[in-house]
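Trainee: Okay, so here is run-v4.pdb, and as you'll see once you scroll down, it has PDB, C-alpha atoms.
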ATOM      1  CA  MET A   1       4.404   1.596  44.843
ATOM      2  CA  GLU A   2       5.721  -1.792  43.832
ATOM      3  CA  TYR A   3       7.873  -3.960  46.090
ATOM      4  CA  ASP A   4      10.009  -6.656  44.536
ATOM      5  CA  CYS A   5      10.655  -9.330  47.185
ATOM      6  CA  ILE A   6      10.385  -6.712  49.932
ATOM      7  CA  SER A   7      12.722  -4.375  48.120
ATOM      8  CA  ASN A   8      12.307  -1.026  46.427
ATOM      9  CA  THR A   9      13.551  -1.071  42.818
ATOM     10  CA  ARG A  10      14.502   2.139  41.050
ATOM     11  CA  GLN A  11      15.780   2.819  37.579
ATOM     12  CA  ASN A  12      18.105   5.781  37.058
ATOM     13  CA  ASP A  13      19.886   6.575  33.781
ATOM     14  CA  GLY A  14      19.366   3.068  32.414
ATOM     15  CA  THR A  15      20.787   1.304  35.482
ATOM     16  CA  LEU A  16      18.660  -0.809  37.792
ATOM     17  CA  SER A  17      19.178  -0.395  41.536
ATOM     18  CA  THR A  18      17.516  -2.452  44.278
ATOM     19  CA  THR A  19      17.401  -1.500  47.951
ATOM     20  CA  VAL A  20      16.414  -4.291  50.331
ATOM     21  CA  ILE A  21      14.302  -3.193  53.296
ATOM     22  CA  ASP A  22      13.392  -5.108  56.447
ATOM     23  CA  TRP A  23       9.835  -6.017  57.469
ATOM     24  CA  ASP A  24       9.580  -3.167  60.001
ATOM     25  CA  GLU A  25      10.442  -0.633  57.301
ATOM     26  CA  PHE A  26       8.069  -2.366  54.881
ATOM     27  CA  ARG A  27       5.165  -2.035  57.341
ATOM     28  CA  LYS A  28       5.869   1.716  57.600
ATOM     29  CA  LEU A  29       6.093   2.282  53.830
ATOM     30  CA  ALA A  30       3.386  -0.071  52.515
ATOM     31  CA  LYS A  31       0.115   1.512  51.415
ATOM     32  CA  VAL A  32      -3.223   0.009  50.413
ATOM     33  CA  GLY A  33      -3.062  -0.743  46.690
ATOM     34  CA  ASP A  34       0.696  -1.435  46.622
ATOM     35  CA  THR A  35       1.963  -4.511  44.780
ATOM     36  CA  ILE A  36       4.405  -7.035  46.252
ATOM     37  CA  LYS A  37       6.221  -9.186  43.688
ATOM     38  CA  GLU A  38       7.802 -12.414  44.837
ATOM     39  CA  PRO A  39       9.453 -15.011  42.599
ATOM     40  CA  SER A  40       6.411 -17.311  42.686
ATOM     41  CA  ARG A  41       3.511 -14.859  43.169
ATOM     42  CA  THR A  42       2.290 -11.272  43.091
ATOM     43  CA  LEU A  43       0.312  -9.864  46.033
ATOM     44  CA  LYS A  44      -1.674  -6.652  46.440
ATOM     45  CA  VAL A  45      -1.988  -4.861  49.801
ATOM     46  CA  TYR A  46      -5.706  -4.566  50.584
ATOM     47  CA  ASP A  47      -5.668  -3.301  54.188
ATOM     48  CA  LYS A  48      -3.331  -1.727  56.739
ATOM     49  CA  VAL A  49      -4.422  -1.663  60.392
ATOM     50  CA  TYR A  50      -2.810   0.055  63.390
ATOM     51  CA  GLU A  51      -3.432  -1.646  66.753
ATOM     52  CA  MET A  52      -2.389  -0.242  70.139
ATOM     53  CA  THR A  53      -0.473  -2.561  72.436
ATOM     54  CA  ALA A  54      -1.921  -3.480  75.828
ATOM     55  CA  SER A  55       0.258  -0.839  77.511
ATOM     56  CA  GLY A  56      -1.029   1.872  75.184
ATOM     57  CA  GLN A  57       2.544   3.080  74.670
ATOM     58  CA  HIS A  58       3.178   1.493  71.261
ATOM     59  CA  PHE A  59       1.275   0.209  68.289
ATOM     60  CA  VAL A  60       1.524  -2.757  65.929
ATOM     61  CA  VAL A  61       1.060  -2.389  62.170
ATOM     62  CA  HIS A  62      -0.732  -5.222  60.356
ATOM     63  CA  VAL A  63      -0.412  -5.278  56.555
ATOM     64  CA  TYR A  64      -2.844  -7.593  54.747
ATOM     65  CA  ALA A  65      -2.084  -8.700  51.196
ATOM     66  CA  GLN A  66      -3.706 -11.177  48.831
TER
END
Write the structure described by the file as C-alpha cells, please.
Mentor:
Amino acid sequence: MEYDCISNTRQNDGTLSTTVIDWDEFRKLAKVGDTIKEPSRTLKVYDKVYEMTASGQHFVVHVYAQ
C-alpha cells in the first residue's frame, strides 16, 4: 500500500480521491514494505513492532520507516 502524506489515495472512474487518516489509524493499517510519500521525501516501512504497556492491558504500535 502507498500512503501519500499519511493519506490513502484512490482512483475511481478517472477521479482522484484522497482520504486523510490520523496517526493511530496509520499505525493500524501500515504494513512492512508500504511506501509513505511526503512532499520532500519517500519512506518505506521496514518494521512494525507491538509492545505491551506496563499494565499489560494495552499495547503500543511502533512503525519504523526509512
Trainee: Work out how far atom CA of Asp22 of chain A is from atom CA of Lys44 of chain A, in Å to one decimal.
Mentor: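 Straight-line distance from atom CA of Lys44 of chain A to atom CA of Asp22 of chain A works out to 18.2 Å.
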Trainee: I want to know what sits within 12 Å of segment 52-60 of chain A, based on all atoms listed in the file, with residues of the same chain fewer than 3 positions away left out; could you give that as a PyMOL selection string?
Mentor: chain A and resi 24+27-28+48-49+63
Trainee: What's the separation between atom CA of Tyr46 of chain A and atom CA of Val32 of chain A, in Å to one decimal place?
Mentor: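 Pair atom CA of Tyr46 of chain A / atom CA of Val32 of chain A returns 5.2 Å.
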Trainee: So how many Å separate atom CA of Glu38 of chain A and atom CA of Val61 of chain A, to one decimal?
Mentor: 21.1 Å
Trainee: Can you tell me, as lines of an AutoDock Vina configuration file, the centre and edge lengths (Å, one decimal) of the axis-aligned box enclosing all of segment 37-43 of chain A's listed atoms after padding each side by 4 Å?
Mentor:
center_x = 4.9
center_y = -13.2
center_z = 44.3
size_x = 17.1
size_y = 16.1
size_z = 11.4
Trainee: Return as a list in words the set of residues that the PyMOL selection byres ((chain A and resi 66) around 10) yields on the displayed structure.
Mentor: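 On the file shown, the PyMOL selection byres ((chain A and resi 66) around 10) covers Thr35, Ile36, Arg41, Thr42, Leu43, Lys44, Val45, Tyr46, Asp47, Tyr64 and Ala65 of chain A.
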Trainee: Take segment 30-60 of chain A, bring it up to N, CA and C atoms, and give me the output as an mmCIF file, in the frame of the given file.
Mentor:
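Printed below is result_6.cif as written:
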data_model
loop_
_atom_site.group_PDB
_atom_site.id
_atom_site.type_symbol
_atom_site.label_atom_id
_atom_site.label_comp_id
_atom_site.auth_asym_id
_atom_site.auth_seq_id
_atom_site.Cartn_x
_atom_site.Cartn_y
_atom_site.Cartn_z
ATOM 1 N N ALA A 30 4.447 0.550 53.309
ATOM 2 C CA ALA A 30 3.386 -0.071 52.515
ATOM 3 C C ALA A 30 2.089 0.725 52.613
ATOM 4 N N LYS A 31 1.412 0.829 51.477
ATOM 5 C CA LYS A 31 0.115 1.512 51.415
ATOM 6 C C LYS A 31 -0.898 0.592 50.739
ATOM 7 N N VAL A 32 -2.168 0.781 51.055
ATOM 8 C CA VAL A 32 -3.223 0.009 50.413
ATOM 9 C C VAL A 32 -3.136 0.252 48.910
ATOM 10 N N GLY A 33 -3.162 -0.832 48.144
ATOM 11 C CA GLY A 33 -3.062 -0.743 46.690
ATOM 12 C C GLY A 33 -1.673 -1.053 46.166
ATOM 13 N N ASP A 34 -0.662 -1.108 47.042
ATOM 14 C CA ASP A 34 0.696 -1.435 46.622
ATOM 15 C C ASP A 34 0.771 -2.883 46.153
ATOM 16 N N THR A 35 1.742 -3.173 45.304
ATOM 17 C CA THR A 35 1.963 -4.511 44.780
ATOM 18 C C THR A 35 3.262 -5.068 45.347
ATOM 19 N N ILE A 36 3.224 -6.338 45.755
ATOM 20 C CA ILE A 36 4.405 -7.035 46.252
ATOM 21 C C ILE A 36 4.693 -8.165 45.270
ATOM 22 N N LYS A 37 5.849 -8.130 44.634
ATOM 23 C CA LYS A 37 6.221 -9.186 43.688
ATOM 24 C C LYS A 37 7.242 -10.106 44.334
ATOM 25 N N GLU A 38 6.903 -11.376 44.363
ATOM 26 C CA GLU A 38 7.802 -12.414 44.837
ATOM 27 C C GLU A 38 8.106 -13.306 43.645
ATOM 28 N N PRO A 39 9.125 -14.152 43.746
ATOM 29 C CA PRO A 39 9.453 -15.011 42.599
ATOM 30 C C PRO A 39 8.287 -15.889 42.129
ATOM 31 N N SER A 40 7.472 -16.376 43.063
ATOM 32 C CA SER A 40 6.411 -17.311 42.686
ATOM 33 C C SER A 40 5.009 -16.708 42.667
ATOM 34 N N ARG A 41 4.858 -15.431 43.121
ATOM 35 C CA ARG A 41 3.511 -14.859 43.169
ATOM 36 C C ARG A 41 3.576 -13.333 43.245
ATOM 37 N N THR A 42 2.446 -12.718 42.960
ATOM 38 C CA THR A 42 2.290 -11.272 43.091
ATOM 39 C C THR A 42 1.126 -11.009 44.029
ATOM 40 N N LEU A 43 1.345 -10.173 45.039
ATOM 41 C CA LEU A 43 0.312 -9.864 46.033
ATOM 42 C C LEU A 43 -0.028 -8.387 45.971
ATOM 43 N N LYS A 44 -1.249 -8.041 46.370
ATOM 44 C CA LYS A 44 -1.674 -6.652 46.440
ATOM 45 C C LYS A 44 -2.127 -6.350 47.867
ATOM 46 N N VAL A 45 -1.614 -5.264 48.443
ATOM 47 C CA VAL A 45 -1.988 -4.861 49.801
ATOM 48 C C VAL A 45 -3.428 -4.353 49.779
ATOM 49 N N TYR A 46 -4.296 -4.974 50.573
ATOM 50 C CA TYR A 46 -5.706 -4.566 50.584
ATOM 51 C C TYR A 46 -6.138 -3.902 51.889
ATOM 52 N N ASP A 47 -5.306 -3.968 52.935
ATOM 53 C CA ASP A 47 -5.668 -3.301 54.188
ATOM 54 C C ASP A 47 -4.418 -3.097 55.028
ATOM 55 N N LYS A 48 -4.423 -2.027 55.809
ATOM 56 C CA LYS A 48 -3.331 -1.727 56.739
ATOM 57 C C LYS A 48 -3.992 -1.240 58.022
ATOM 58 N N VAL A 49 -3.740 -1.938 59.134
ATOM 59 C CA VAL A 49 -4.422 -1.663 60.392
ATOM 60 C C VAL A 49 -3.393 -1.358 61.480
ATOM 61 N N TYR A 50 -3.649 -0.307 62.244
ATOM 62 C CA TYR A 50 -2.810 0.055 63.390
ATOM 63 C C TYR A 50 -3.534 -0.403 64.652
ATOM 64 N N GLU A 51 -2.836 -1.136 65.517
ATOM 65 C CA GLU A 51 -3.432 -1.646 66.753
ATOM 66 C C GLU A 51 -2.544 -1.250 67.931
ATOM 67 N N MET A 52 -3.142 -0.625 68.938
ATOM 68 C CA MET A 52 -2.389 -0.242 70.139
ATOM 69 C C MET A 52 -2.029 -1.487 70.942
ATOM 70 N N THR A 53 -0.862 -1.458 71.553
ATOM 71 C CA THR A 53 -0.473 -2.561 72.436
ATOM 72 C C THR A 53 -1.250 -2.439 73.743
ATOM 73 N N ALA A 54 -1.187 -3.475 74.565
ATOM 74 C CA ALA A 54 -1.921 -3.480 75.828
ATOM 75 C C ALA A 54 -1.496 -2.324 76.731
ATOM 76 N N SER A 55 -0.229 -1.929 76.661
ATOM 77 C CA SER A 55 0.258 -0.839 77.511
ATOM 78 C C SER A 55 -0.217 0.530 77.017
ATOM 79 N N GLY A 56 -0.602 0.601 75.750
ATOM 80 C CA GLY A 56 -1.029 1.872 75.184
ATOM 81 C C GLY A 56 0.135 2.776 74.809
ATOM 82 N N GLN A 57 1.348 2.295 74.951
ATOM 83 C CA GLN A 57 2.544 3.080 74.670
ATOM 84 C C GLN A 57 3.024 2.925 73.231
ATOM 85 N N HIS A 58 2.701 1.800 72.610
ATOM 86 C CA HIS A 58 3.178 1.493 71.261
ATOM 87 C C HIS A 58 2.014 0.984 70.415
ATOM 88 N N PHE A 59 2.286 0.807 69.139
ATOM 89 C CA PHE A 59 1.275 0.209 68.289
ATOM 90 C C PHE A 59 1.924 -0.805 67.359
ATOM 91 N N VAL A 60 1.106 -1.721 66.863
ATOM 92 C CA VAL A 60 1.524 -2.757 65.929
ATOM 93 C C VAL A 60 0.865 -2.447 64.592
#
